[in-house]
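**Student:** start_4.cif is reproduced below (mmCIF, C-alpha atoms).
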data_input
loop_
_atom_site.label_atom_id
_atom_site.label_comp_id
_atom_site.auth_asym_id
_atom_site.auth_seq_id
_atom_site.Cartn_x
_atom_site.Cartn_y
_atom_site.Cartn_z
CA MET U 24 -0.21 100.93 -158.65
CA THR U 25 0.52 101.33 -162.34
CA ARG U 26 3.81 99.90 -163.56
CA GLY U 27 6.53 102.51 -163.35
CA ALA U 28 4.81 104.50 -160.57
CA GLN U 29 6.57 104.84 -157.22
CA ARG U 30 4.91 103.91 -153.98
CA LYS U 31 5.20 106.72 -151.44
CA VAL U 32 5.94 105.28 -148.01
CA THR U 33 5.60 106.42 -144.39
CA ILE U 34 7.56 104.34 -141.89
CA LEU U 35 6.27 104.43 -138.31
CA GLY U 36 9.12 103.04 -136.23
CA ALA U 37 11.91 103.99 -138.59
CA THR U 38 14.69 103.69 -135.99
CA GLY U 39 13.82 100.12 -134.97
CA SER U 40 14.83 96.80 -136.52
CA ILE U 41 11.74 96.60 -138.76
CA GLY U 42 12.37 100.16 -139.92
CA ALA U 43 15.99 99.35 -140.72
CA SER U 44 15.02 96.25 -142.72
CA THR U 45 12.33 98.18 -144.57
CA LEU U 46 14.72 100.95 -145.50
CA ASP U 47 17.25 98.37 -146.69
CA VAL U 48 14.70 96.86 -149.08
CA ILE U 49 13.51 100.28 -150.26
CA GLU U 50 17.08 101.39 -150.92
CA ARG U 51 17.51 98.41 -153.26
CA HIS U 52 14.55 99.57 -155.37
CA PRO U 53 14.66 103.37 -155.76
CA ASP U 54 12.59 103.11 -158.94
CA ARG U 55 9.67 101.54 -157.02
CA PHE U 56 9.62 103.27 -153.62
CA VAL U 57 10.23 106.72 -152.18
CA VAL U 58 10.37 107.52 -148.45
CA THR U 59 7.93 110.37 -147.81
CA ALA U 60 7.89 110.32 -143.99
CA LEU U 61 9.86 108.77 -141.14
CA ALA U 62 8.58 108.54 -137.57
CA ALA U 63 9.79 107.19 -134.24
CA ASN U 64 9.29 107.54 -130.50
CA ARG U 65 12.18 109.65 -129.19
CA GLN U 66 15.52 108.70 -130.78
CA TRP U 67 16.08 112.00 -132.58
CA GLN U 68 19.78 111.47 -133.33
CA ALA U 69 19.08 108.15 -135.06
CA LEU U 70 16.16 109.70 -136.94
CA LEU U 71 18.35 112.64 -138.00
CA GLU U 72 20.78 110.22 -139.65
CA LEU U 73 17.92 108.66 -141.60
CA VAL U 74 16.53 112.06 -142.57
CA ALA U 75 19.93 113.08 -143.93
CA ARG U 76 20.19 109.78 -145.83
CA PHE U 77 16.68 109.52 -147.31
CA ARG U 78 15.60 113.19 -147.39
CA PRO U 79 11.89 112.58 -146.57
CA ALA U 80 9.45 115.46 -146.79
CA TYR U 81 8.35 114.79 -143.19
CA ALA U 82 9.73 113.43 -139.95
CA ALA U 83 7.83 112.93 -136.69
CA LEU U 84 8.68 112.05 -133.10
CA LEU U 85 6.20 111.15 -130.37
CA ASP U 86 8.34 112.84 -127.72
CA ALA U 87 7.87 116.61 -128.10
CA ASP U 88 11.27 117.48 -126.58
CA ALA U 89 13.02 115.10 -128.94
CA ALA U 90 11.09 116.59 -131.85
CA ARG U 91 12.38 120.04 -130.94
CA GLU U 92 15.93 118.72 -130.89
CA LEU U 93 15.40 117.10 -134.28
CA ASP U 94 13.87 120.23 -135.76
CA ALA U 95 16.84 122.33 -134.62
CA ALA U 96 19.30 119.79 -136.02
CA VAL U 97 17.45 119.59 -139.34
CA ARG U 98 17.66 123.37 -139.65
CA ARG U 99 21.36 123.37 -138.80
CA GLU U 100 22.00 120.78 -141.48
CA GLY U 101 20.04 122.77 -144.05
CA LEU U 102 17.61 119.91 -144.69
CA ALA U 103 14.15 120.62 -146.08
CA THR U 104 12.34 118.01 -143.96
CA ARG U 105 9.37 119.30 -141.95
CA VAL U 106 9.42 118.01 -138.36
CA LEU U 107 6.17 117.12 -136.56
CA ALA U 108 5.62 116.21 -132.92
CA ALA U 109 3.47 114.21 -130.52
CA ALA U 110 0.65 111.80 -131.33
CA GLU U 111 -0.86 114.34 -133.71
CA GLY U 112 2.37 114.39 -135.71
CA LEU U 113 2.45 110.61 -136.01
CA CYS U 114 -1.18 110.57 -137.14
CA GLU U 115 -0.46 113.30 -139.69
CA VAL U 116 2.38 111.41 -141.38
CA ALA U 117 0.24 108.23 -141.34
CA THR U 118 -2.55 109.99 -143.25
CA LEU U 119 -0.69 112.23 -145.70
CA PRO U 120 -2.70 112.40 -148.95
CA GLU U 121 0.37 111.68 -151.07
CA VAL U 122 1.30 108.56 -149.09
CA ASP U 123 -0.20 105.24 -150.19
CA THR U 124 1.81 102.83 -148.00
CA VAL U 125 2.27 102.97 -144.21
CA VAL U 126 4.67 100.63 -142.42
CA ALA U 127 3.25 100.32 -138.88
CA ALA U 128 6.23 99.24 -136.77
CA ILE U 129 6.19 101.51 -133.71
CA VAL U 130 6.27 99.24 -130.67
CA GLY U 131 3.58 99.46 -128.01
CA ALA U 132 0.49 101.57 -127.50
CA ALA U 133 2.19 104.53 -129.24
CA GLY U 134 1.52 102.82 -132.55
CA LEU U 135 -2.23 102.41 -132.01
CA ALA U 136 -3.55 105.85 -132.93
CA PRO U 137 -1.51 106.42 -136.13
CA THR U 138 -2.19 102.89 -137.36
CA LEU U 139 -5.93 103.33 -136.77
CA ALA U 140 -5.77 106.68 -138.55
CA ALA U 141 -4.05 105.08 -141.55
CA ALA U 142 -6.75 102.40 -141.67
CA ARG U 143 -9.54 104.97 -141.65
CA CYS U 144 -7.84 106.75 -144.56
CA GLY U 145 -7.71 103.59 -146.63
CA LYS U 146 -3.94 103.23 -146.73
CA ARG U 147 -2.00 100.14 -147.67
CA ILE U 148 -0.76 99.11 -144.22
CA LEU U 149 2.25 96.87 -143.66
CA LEU U 150 1.44 95.79 -140.13
CA ALA U 151 4.08 94.92 -137.55
CA ASN U 152 2.61 96.66 -134.49
CA LYS U 153 1.32 93.78 -132.38
CA GLU U 154 -0.73 95.96 -130.04
CA THR U 155 -2.97 97.17 -132.86
CA LEU U 156 -4.60 93.75 -133.09
CA VAL U 157 -4.07 92.47 -129.55
CA VAL U 158 -5.40 95.56 -127.78
CA ALA U 159 -7.88 96.87 -130.36
CA GLY U 160 -8.42 94.09 -132.90
CA ALA U 161 -12.14 94.59 -133.49
CA LEU U 162 -11.81 98.37 -133.75
CA PHE U 163 -8.87 98.18 -136.13
CA MET U 164 -10.43 95.60 -138.44
CA ALA U 165 -13.67 97.63 -138.57
CA ALA U 166 -11.69 100.78 -139.39
CA ALA U 167 -9.83 98.95 -142.16
CA ARG U 168 -13.07 97.67 -143.68
CA GLU U 169 -14.82 101.02 -143.50
CA GLY U 170 -11.81 102.93 -144.81
CA GLY U 171 -11.02 100.46 -147.58
CA ALA U 172 -7.50 99.84 -146.25
CA THR U 173 -5.34 96.96 -147.46
CA LEU U 174 -3.66 94.99 -144.66
CA LEU U 175 -0.41 93.16 -145.30
CA PRO U 176 1.22 91.53 -142.24
CA ILE U 177 5.01 91.73 -142.13
CA ASP U 178 5.87 89.79 -139.01
CA SER U 179 7.30 86.52 -140.33
CA GLU U 180 4.57 84.16 -139.07
CA HIS U 181 1.52 86.05 -140.28
CA ASN U 182 3.19 87.00 -143.53
CA ALA U 183 3.91 83.30 -144.07
CA ILE U 184 0.23 82.47 -143.51
CA PHE U 185 -0.80 85.22 -145.90
CA GLN U 186 1.52 83.79 -148.56
CA CYS U 187 -0.03 80.32 -148.11
CA LEU U 188 -3.61 81.56 -148.62
CA PRO U 189 -5.28 81.68 -152.06
CA ALA U 190 -4.23 84.41 -154.48
CA GLY U 191 -6.40 87.49 -154.12
CA TYR U 192 -7.15 86.92 -150.43
CA HIS U 193 -7.52 90.09 -148.38
CA CYS U 194 -6.92 90.05 -144.62
CA GLY U 195 -9.95 90.19 -142.38
CA GLY U 196 -12.17 87.47 -143.79
CA ALA U 197 -12.37 83.73 -143.24
CA VAL U 198 -11.03 81.53 -146.01
CA PRO U 199 -13.31 78.75 -147.33
CA GLY U 200 -11.53 75.42 -147.44
CA VAL U 201 -9.04 76.15 -144.65
CA ARG U 202 -9.14 73.68 -141.75
CA ARG U 203 -6.57 75.35 -139.52
CA ILE U 204 -3.62 77.70 -139.27
CA LEU U 205 -0.38 76.48 -137.73
CA LEU U 206 1.94 79.09 -136.25
CA THR U 207 5.50 77.88 -135.84
CA ALA U 208 7.56 78.75 -132.76
CA SER U 209 11.27 78.29 -132.14
CA GLY U 210 10.69 77.20 -128.55
CA GLY U 211 13.17 79.79 -127.34
CA PRO U 212 16.21 79.10 -125.14
CA PHE U 213 14.42 76.81 -122.66
CA ARG U 214 12.79 74.35 -125.04
CA VAL U 215 14.58 71.38 -123.45
CA THR U 216 15.64 72.87 -120.11
CA ALA U 217 14.54 70.83 -117.10
CA LEU U 218 11.39 72.36 -115.61
CA SER U 219 13.02 72.40 -112.19
CA GLU U 220 15.72 74.73 -113.55
CA LEU U 221 13.34 77.42 -114.80
CA VAL U 222 12.97 78.94 -111.32
CA ARG U 223 16.64 79.99 -111.51
CA VAL U 224 16.57 81.53 -115.00
CA THR U 225 18.30 84.92 -115.26
CA PRO U 226 17.39 87.77 -117.63
CA ASP U 227 20.58 87.21 -119.65
CA GLN U 228 19.72 83.54 -120.09
CA ALA U 229 16.17 84.38 -121.16
CA CYS U 230 17.47 86.88 -123.72
CA ALA U 231 19.95 84.42 -125.28
CA HIS U 232 17.72 83.27 -128.14
CA PRO U 233 19.22 80.37 -130.10
CA ARG U 234 18.13 81.68 -133.53
CA TRP U 235 17.25 85.37 -133.44
CA ARG U 236 18.91 88.53 -132.17
CA MET U 237 16.09 90.64 -130.75
CA GLY U 238 15.36 93.25 -128.11
CA ARG U 239 15.26 92.06 -124.52
CA LYS U 240 11.49 92.31 -124.05
CA ILE U 241 10.60 90.28 -127.16
CA SER U 242 13.38 87.80 -126.29
CA VAL U 243 11.73 87.14 -122.92
CA ASP U 244 8.36 86.81 -124.66
CA SER U 245 9.90 84.17 -126.89
CA ALA U 246 11.29 82.34 -123.86
CA THR U 247 7.83 82.23 -122.23
CA MET U 248 6.07 81.80 -125.62
CA MET U 249 3.85 84.74 -124.77
CA ASN U 250 4.88 86.13 -128.14
CA LYS U 251 3.29 83.13 -129.84
CA GLY U 252 0.17 83.46 -127.72
CA LEU U 253 -0.23 87.07 -128.82
CA GLU U 254 0.33 85.96 -132.42
CA VAL U 255 -2.59 83.54 -132.01
CA ILE U 256 -4.78 86.52 -131.12
CA GLU U 257 -3.46 88.46 -134.12
CA ALA U 258 -4.14 85.51 -136.42
CA HIS U 259 -7.74 85.42 -135.22
CA TRP U 260 -8.30 88.98 -136.43
CA LEU U 261 -6.18 88.89 -139.57
CA PHE U 262 -7.52 85.64 -140.98
CA GLY U 263 -11.00 85.31 -139.49
CA ALA U 264 -9.97 82.11 -137.66
CA ALA U 265 -11.67 80.79 -134.54
CA ARG U 266 -9.69 79.61 -131.52
CA ARG U 267 -10.07 75.95 -132.53
CA GLU U 268 -8.67 76.74 -135.98
CA ILE U 269 -5.32 78.11 -134.74
CA ASP U 270 -2.59 75.79 -133.45
CA VAL U 271 1.05 76.28 -132.51
CA VAL U 272 3.88 73.86 -133.32
CA ILE U 273 7.47 74.14 -132.11
CA HIS U 274 9.98 74.16 -134.97
CA PRO U 275 13.46 74.98 -133.59
CA GLU U 276 15.16 75.47 -136.97
CA SER U 277 12.93 78.51 -137.72
CA VAL U 278 12.94 77.74 -141.45
CA ILE U 279 9.20 77.11 -141.88
CA HIS U 280 7.61 80.34 -140.71
CA SER U 281 4.01 79.05 -140.57
CA LEU U 282 1.61 76.70 -142.36
CA VAL U 283 -1.99 76.51 -143.56
CA GLU U 284 -3.90 73.20 -143.58
CA TYR U 285 -6.79 72.80 -146.04
CA VAL U 286 -9.82 70.53 -145.75
CA ASP U 287 -8.54 68.28 -148.55
CA GLY U 288 -5.50 67.34 -146.46
CA SER U 289 -3.06 69.69 -148.20
CA VAL U 290 -0.69 71.66 -145.99
CA LEU U 291 1.09 74.66 -147.48
CA ALA U 292 4.16 76.12 -145.81
CA GLN U 293 6.32 79.19 -146.40
CA LEU U 294 10.05 78.63 -145.99
CA SER U 295 12.94 81.07 -146.02
CA ASN U 296 16.07 81.97 -144.13
CA PRO U 297 15.21 83.85 -140.91
CA ASP U 298 15.52 87.41 -142.25
CA MET U 299 12.83 90.07 -141.83
CA ARG U 300 13.61 91.53 -145.24
CA THR U 301 11.80 88.59 -146.88
CA PRO U 302 8.29 89.31 -145.48
CA ILE U 303 8.86 93.07 -145.80
CA ALA U 304 9.81 92.79 -149.48
CA GLN U 305 6.84 90.51 -150.12
CA ALA U 306 4.44 93.03 -148.62
CA LEU U 307 6.04 96.11 -150.17
CA ALA U 308 5.75 94.70 -153.68
CA TRP U 309 2.58 92.59 -153.30
CA PRO U 310 1.18 91.11 -155.48
CA GLU U 311 4.54 91.19 -157.28
CA ARG U 312 7.92 89.96 -156.04
CA ILE U 313 11.19 91.87 -155.66
CA GLY U 314 14.68 91.08 -154.43
CA ALA U 315 15.28 91.51 -150.71
CA GLY U 316 19.01 90.89 -150.40
CA VAL U 317 18.37 87.63 -148.52
CA SER U 318 20.56 84.54 -149.00
CA PRO U 319 18.87 81.60 -150.78
CA LEU U 320 17.62 78.77 -148.60
CA ASP U 321 19.86 75.67 -148.77
CA LEU U 322 17.69 72.76 -147.63
CA ALA U 323 20.43 70.19 -148.24
CA CYS U 324 22.67 72.10 -145.86
CA ILE U 325 19.91 72.34 -143.22
CA GLY U 326 19.29 68.60 -143.54
CA THR U 327 16.59 68.01 -140.91
CA LEU U 328 13.49 69.90 -139.79
CA ASN U 329 12.00 69.06 -136.39
CA PHE U 330 8.54 69.63 -134.92
CA SER U 331 6.90 69.10 -131.54
CA ALA U 332 3.82 70.19 -129.62
CA PRO U 333 4.25 72.91 -126.96
CA ASP U 334 4.37 71.62 -123.39
CA PRO U 335 1.65 73.44 -121.37
CA ALA U 336 3.66 73.02 -118.16
CA ARG U 337 6.70 74.65 -119.74
CA PHE U 338 4.80 77.37 -121.60
CA PRO U 339 1.70 78.35 -119.56
CA CYS U 340 1.59 81.78 -121.24
CA LEU U 341 0.36 80.15 -124.44
CA ASP U 342 -2.77 78.83 -122.72
CA LEU U 343 -3.29 82.22 -121.08
CA ALA U 344 -3.40 83.82 -124.53
CA TYR U 345 -5.97 81.30 -125.74
CA ALA U 346 -8.04 82.04 -122.64
CA ALA U 347 -7.84 85.80 -123.28
CA LEU U 348 -8.93 85.25 -126.89
CA VAL U 349 -11.94 83.22 -125.78
CA ALA U 350 -12.83 85.84 -123.14
CA GLY U 351 -12.83 88.45 -125.91
CA GLY U 352 -13.38 92.16 -125.43
CA THR U 353 -10.65 93.67 -123.29
CA GLY U 354 -9.23 90.25 -122.34
CA PRO U 355 -6.27 90.37 -124.75
CA ALA U 356 -5.48 93.98 -123.76
CA VAL U 357 -5.39 92.95 -120.09
CA LEU U 358 -3.05 90.04 -120.83
CA ASN U 359 -0.74 92.18 -122.95
CA ALA U 360 -0.52 94.90 -120.28
CA ALA U 361 0.12 92.46 -117.45
CA ASN U 362 2.83 90.76 -119.45
CA GLU U 363 4.59 94.05 -120.22
CA VAL U 364 4.65 94.95 -116.52
CA ALA U 365 5.84 91.50 -115.46
CA VAL U 366 8.56 91.23 -118.11
CA ALA U 367 9.89 94.68 -117.18
CA ALA U 368 10.09 93.59 -113.55
CA PHE U 369 11.85 90.35 -114.49
CA LEU U 370 14.41 92.20 -116.61
CA GLU U 371 15.10 94.44 -113.61
CA GLN U 372 15.55 91.27 -111.50
CA GLN U 373 12.65 92.19 -109.23
CA ILE U 374 10.83 88.89 -109.84
CA GLY U 375 11.67 85.42 -111.09
CA PHE U 376 11.09 84.00 -114.56
CA LEU U 377 8.12 81.86 -113.48
CA ASP U 378 6.49 84.89 -111.85
CA ILE U 379 5.77 86.31 -115.32
CA ALA U 380 3.11 83.70 -116.11
CA SER U 381 1.64 83.66 -112.61
CA THR U 382 1.33 87.46 -112.57
CA CYS U 383 -0.44 87.41 -115.94
CA ALA U 384 -2.80 84.65 -114.79
CA GLU U 385 -3.73 86.50 -111.59
CA THR U 386 -4.27 89.75 -113.45
CA LEU U 387 -6.59 88.03 -115.93
CA SER U 388 -8.56 86.57 -113.01
CA LYS U 389 -8.91 89.96 -111.29
CA VAL U 390 -9.70 92.19 -114.30
CA SER U 391 -12.90 91.08 -116.00
CA ALA U 392 -13.13 91.26 -119.78
CA ARG U 393 -15.47 93.99 -121.02
CA PRO U 394 -16.74 94.93 -124.49
CA VAL U 395 -14.58 97.31 -126.53
CA SER U 396 -16.57 99.99 -128.33
CA SER U 397 -13.81 102.61 -128.55
CA LEU U 398 -10.06 102.93 -128.27
CA GLY U 399 -10.66 104.50 -124.87
CA ASP U 400 -12.21 101.25 -123.61
CA ALA U 401 -9.12 99.29 -124.62
CA LEU U 402 -6.71 101.83 -123.14
CA GLU U 403 -8.71 101.99 -119.90
CA ALA U 404 -8.43 98.21 -119.56
CA ASP U 405 -4.71 98.46 -120.31
CA LEU U 406 -4.21 100.96 -117.47
CA GLU U 407 -6.30 98.93 -115.02
CA ALA U 408 -4.36 95.76 -115.82
CA ARG U 409 -1.03 97.55 -115.34
CA SER U 410 -2.17 98.79 -111.95
CA VAL U 411 -3.32 95.34 -110.84
CA ALA U 412 -0.16 93.65 -112.14
CA SER U 413 2.05 96.21 -110.41
CA LYS U 414 0.31 95.57 -107.08
CA LEU U 415 0.75 91.83 -107.55
CA LEU U 416 4.43 92.28 -108.26
CA LYS U 417 4.93 93.98 -104.91
CA MET U 418 3.91 90.66 -103.41
CA ALA U 419 6.02 88.57 -105.81
CA ALA U 420 8.40 87.47 -103.07
CA ARG U 421 5.65 85.28 -101.68
CA PRO U 422 6.60 81.57 -101.93
CA ARG U 423 3.57 80.71 -104.03
CA LEU U 424 4.58 83.22 -106.72
CA SER U 425 8.22 82.24 -106.87
CA ALA U 426 7.88 78.51 -106.39
#
Is it possible to give me this structure as structure tokens?
**Tutor:**
Amino acid sequence: MTRGAQRKVTILGATGSIGASTLDVIERHPDRFVVTALAANRQWQALLELVARFRPAYAALLDADAARELDAAVRREGLATRVLAAAEGLCEVATLPEVDTVVAAIVGAAGLAPTLAAARCGKRILLANKETLVVAGALFMAAAREGGATLLPIDSEHNAIFQCLPAGYHCGGAVPGVRRILLTASGGPFRVTALSELVRVTPDQACAHPRWRMGRKISVDSATMMNKGLEVIEAHWLFGAARREIDVVIHPESVIHSLVEYVDGSVLAQLSNPDMRTPIAQALAWPERIGAGVSPLDLACIGTLNFSAPDPARFPCLDLAYAALVAGGTGPAVLNAANEVAVAAFLEQQIGFLDIASTCAETLSKVSARPVSSLGDALEADLEARSVASKLLKMAARPRLSA
């Protein structure tokens, strides 16, 4: 981008927390960024507020009924925004010729198709949709290479790794001289809870994260450390790292967001206050830097940083993710689907906290990993895993699952 030119941005997932942080950063730099399109799943009232505030040329909702409501409201308000609907609408705003930057932050499988479409069109993709890499990593990375897309991770851990790699590195390839990647994890709310107490954990307790305020599903994933396991799989695709080259370390202060160890013994770390605007601003302006509205880090005030290795008995989901990565193919998609089903059941108090890991393990054992040659292969495995996990959950009252 030439100096003085504005980046034209599509935000997939505009009504979520990543969307809100992105819009906050963009609003601080109107000379550098313009919002061309906003998209979400179904929250048309929330999207209407953003349309009125940012006046994008396009808005899209996956839910067709919600899109009709939005379109009617846009017309009533006299706004010029064109409203699009369904998966086709999301793909259209992700591939608009005038757009150069796509923020991929729609949660779940709904974000797969538009993010793949943006990659095939060679967009600059700020990637926050975990499923893109976990469910369809090989397909997405191939699409990015063939389309000439630029990938910039904006979840805090992978963005930290990206910042610690040599200048000029582009996601997708291995880095000569790197010995291993270290993903940091907070350890969640049960880092020091007695193992015997975990059987009695309630959804509210699992969602009470000591450092972050997040949605309930991702809060449970943090409590089980499944979120970190899925991040291991993402790191494999983003940075060309083998299973043996990716480790996880618990760091409860959440100040160091991840580290890269080089073969000469050097270890580089990225530190900042826990605020998503930092990685988002870094990716929006890359390779330059811009203000993000984040408070400076005061190390003297923090005082001490602590680290420990994850306990496999406390966090079995982490080993399950490594196993799915080694299995390859549809393995990660199966794990992700089983976890979504199990976490939903736990949040509805249908199963216990420990049943999440056991359900995922049984599903992995019953659904064999197969090669992924198309998005359909990955989605088929996702559906099969959900079916198997759901059947297992009907039996979750068995002593062996709840013990």
**Student:** Specify as a compact mmCIF listing (two decimals) with C-alpha atoms, in the coordinates of the input each residue included when the PyMOL selection byres ((chain U and resi 213) around 9) is applied to this file.
**Tutor:**
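What follows is the written file result_17.txt:
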# COMPACT_ATOMS: atom_id res chain seq x y z
CA GLY U 210 10.69 77.20 -128.55
CA GLY U 211 13.17 79.79 -127.34
CA PRO U 212 16.21 79.10 -125.14
CA ARG U 214 12.79 74.35 -125.04
CA VAL U 215 14.58 71.38 -123.45
CA THR U 216 15.64 72.87 -120.11
CA ALA U 217 14.54 70.83 -117.10
CA LEU U 218 11.39 72.36 -115.61
CA LEU U 221 13.34 77.42 -114.80
CA GLN U 228 19.72 83.54 -120.09
CA ALA U 229 16.17 84.38 -121.16
CA ALA U 246 11.29 82.34 -123.86
CA THR U 247 7.83 82.23 -122.23
CA ARG U 337 6.70 74.65 -119.74
**Student:** Evaluated on this file, the PyMOL selection byres ((chain U and resi 105) around 12) picks out some residues - which ones are they, written as a PyMOL selection string?
**Tutor:** chain U and resi 59-62+71+74+78-84+90-91+93-98+101-104+106-108+112+115-116
**Student:** Export C-alpha atoms of the chosen residues as an mmCIF file, in the coordinates of the input?
**Tutor:**
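In the end it all went to part_16.cif:
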data_model
loop_
_atom_site.group_PDB
_atom_site.id
_atom_site.type_symbol
_atom_site.label_atom_id
_atom_site.label_comp_id
_atom_site.auth_asym_id
_atom_site.auth_seq_id
_atom_site.Cartn_x
_atom_site.Cartn_y
_atom_site.Cartn_z
ATOM 1 C CA THR U 59 7.930 110.370 -147.810
ATOM 2 C CA ALA U 60 7.890 110.320 -143.990
ATOM 3 C CA LEU U 61 9.860 108.770 -141.140
ATOM 4 C CA ALA U 62 8.580 108.540 -137.570
ATOM 5 C CA LEU U 71 18.350 112.640 -138.000
ATOM 6 C CA VAL U 74 16.530 112.060 -142.570
ATOM 7 C CA ARG U 78 15.600 113.190 -147.390
ATOM 8 C CA PRO U 79 11.890 112.580 -146.570
ATOM 9 C CA ALA U 80 9.450 115.460 -146.790
ATOM 10 C CA TYR U 81 8.350 114.790 -143.190
ATOM 11 C CA ALA U 82 9.730 113.430 -139.950
ATOM 12 C CA ALA U 83 7.830 112.930 -136.690
ATOM 13 C CA LEU U 84 8.680 112.050 -133.100
ATOM 14 C CA ALA U 90 11.090 116.590 -131.850
ATOM 15 C CA ARG U 91 12.380 120.040 -130.940
ATOM 16 C CA LEU U 93 15.400 117.100 -134.280
ATOM 17 C CA ASP U 94 13.870 120.230 -135.760
ATOM 18 C CA ALA U 95 16.840 122.330 -134.620
ATOM 19 C CA ALA U 96 19.300 119.790 -136.020
ATOM 20 C CA VAL U 97 17.450 119.590 -139.340
ATOM 21 C CA ARG U 98 17.660 123.370 -139.650
ATOM 22 C CA GLY U 101 20.040 122.770 -144.050
ATOM 23 C CA LEU U 102 17.610 119.910 -144.690
ATOM 24 C CA ALA U 103 14.150 120.620 -146.080
ATOM 25 C CA THR U 104 12.340 118.010 -143.960
ATOM 26 C CA VAL U 106 9.420 118.010 -138.360
ATOM 27 C CA LEU U 107 6.170 117.120 -136.560
ATOM 28 C CA ALA U 108 5.620 116.210 -132.920
ATOM 29 C CA GLY U 112 2.370 114.390 -135.710
ATOM 30 C CA GLU U 115 -0.460 113.300 -139.690
ATOM 31 C CA VAL U 116 2.380 111.410 -141.380
#
**Student:** Specify as a list in words each residue included when the PyMOL selection byres ((chain U and resi 40) around 12) is applied to this file.
**Tutor:**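 This file, filtered by the PyMOL selection byres ((chain U and resi 40) around 12), leaves Ile34, Leu35, Gly36, Ala37, Thr38, Gly39, Ile41, Gly42, Ala43, Ser44, Thr45, Leu46, Asp47, Ala63, Ala128, Ile129, Val130, Ala151, Asp178, Arg236, Met237, Gly238, Asp298, Met299, Arg300 and Ile303 of chain U.
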**Student:** Write the residues you've just listed into a file as an mmCIF file, in the coordinates of the input, and include C-alpha atoms for each of them.
**Tutor:**
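Output below, filename again.cif:
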data_model
loop_
_atom_site.group_PDB
_atom_site.id
_atom_site.type_symbol
_atom_site.label_atom_id
_atom_site.label_comp_id
_atom_site.auth_asym_id
_atom_site.auth_seq_id
_atom_site.Cartn_x
_atom_site.Cartn_y
_atom_site.Cartn_z
ATOM 1 C CA ILE U 34 7.560 104.340 -141.890
ATOM 2 C CA LEU U 35 6.270 104.430 -138.310
ATOM 3 C CA GLY U 36 9.120 103.040 -136.230
ATOM 4 C CA ALA U 37 11.910 103.990 -138.590
ATOM 5 C CA THR U 38 14.690 103.690 -135.990
ATOM 6 C CA GLY U 39 13.820 100.120 -134.970
ATOM 7 C CA ILE U 41 11.740 96.600 -138.760
ATOM 8 C CA GLY U 42 12.370 100.160 -139.920
ATOM 9 C CA ALA U 43 15.990 99.350 -140.720
ATOM 10 C CA SER U 44 15.020 96.250 -142.720
ATOM 11 C CA THR U 45 12.330 98.180 -144.570
ATOM 12 C CA LEU U 46 14.720 100.950 -145.500
ATOM 13 C CA ASP U 47 17.250 98.370 -146.690
ATOM 14 C CA ALA U 63 9.790 107.190 -134.240
ATOM 15 C CA ALA U 128 6.230 99.240 -136.770
ATOM 16 C CA ILE U 129 6.190 101.510 -133.710
ATOM 17 C CA VAL U 130 6.270 99.240 -130.670
ATOM 18 C CA ALA U 151 4.080 94.920 -137.550
ATOM 19 C CA ASP U 178 5.870 89.790 -139.010
ATOM 20 C CA ARG U 236 18.910 88.530 -132.170
ATOM 21 C CA MET U 237 16.090 90.640 -130.750
ATOM 22 C CA GLY U 238 15.360 93.250 -128.110
ATOM 23 C CA ASP U 298 15.520 87.410 -142.250
ATOM 24 C CA MET U 299 12.830 90.070 -141.830
ATOM 25 C CA ARG U 300 13.610 91.530 -145.240
ATOM 26 C CA ILE U 303 8.860 93.070 -145.800
#
**Student:** Measuring atom to atom with only C-alpha atoms, identify which of U:Arg65, U:Arg223, U:Lys146, U:Arg168 is nearest to Phe376 of chain U.
**Tutor:**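 Closest to Phe376 of chain U of all the choices is U:Arg223.
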**Student:** So that I can see what lies close to Ala384 of chain U, please list as a list of chain:residue names the residues with an atom at most 10 Å from it, counting all atoms listed in the file and leaving out residues fewer than 6 positions away in the same chain.
**Tutor:**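 Here the qualifying residues turn out to be U:Pro339, U:Cys340, U:Asp342, U:Leu343, U:Ala344, U:Ala346, U:Ala347, U:Leu358, U:Ala361, U:Asn362, U:Asp378, U:Ala412.
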**Student:** List the neighbours of segment 368-372 of chain U out to 9 Å using all atoms listed in the file; skip same-chain residues closer than 2 positions along the sequence, and give me the result as a PyMOL selection string.
**Tutor:** chain U and resi 225-227+239-240+243+363-366+374-376+378-379+416
**Student:** Give me, please, the distance in Å between atom CA of Leu406 of chain U and atom CA of Val157 of chain U, quoted to one decimal.
**Tutor:**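 For atom CA of Leu406 of chain U relative to atom CA of Val157 of chain U, the distance reads 14.8 Å.
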**Student:** When distances are computed from all atoms listed in the file, which of U:Gly134, U:Gly200, U:Gly195, U:Pro297 shows the smallest separation from Leu320 of chain U?
**Tutor:**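 Once distances to Leu320 of chain U are computed over all atoms listed in the file, the minimum belongs to U:Pro297.
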**Student:** Provide the atom CA of Glu407 of chain U to atom CA of Ala392 of chain U distance in Å, to one decimal place.
**Tutor:**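 Atom-to-atom, atom CA of Glu407 of chain U to atom CA of Ala392 of chain U, that is 11.3 Å.
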**Student:** Which of these residues is nearest to Ser281 of chain U, using only C-alpha atoms: U:Ala75, U:Ile204, U:Ala332, U:Ala127?
**Tutor:** U:Ile204
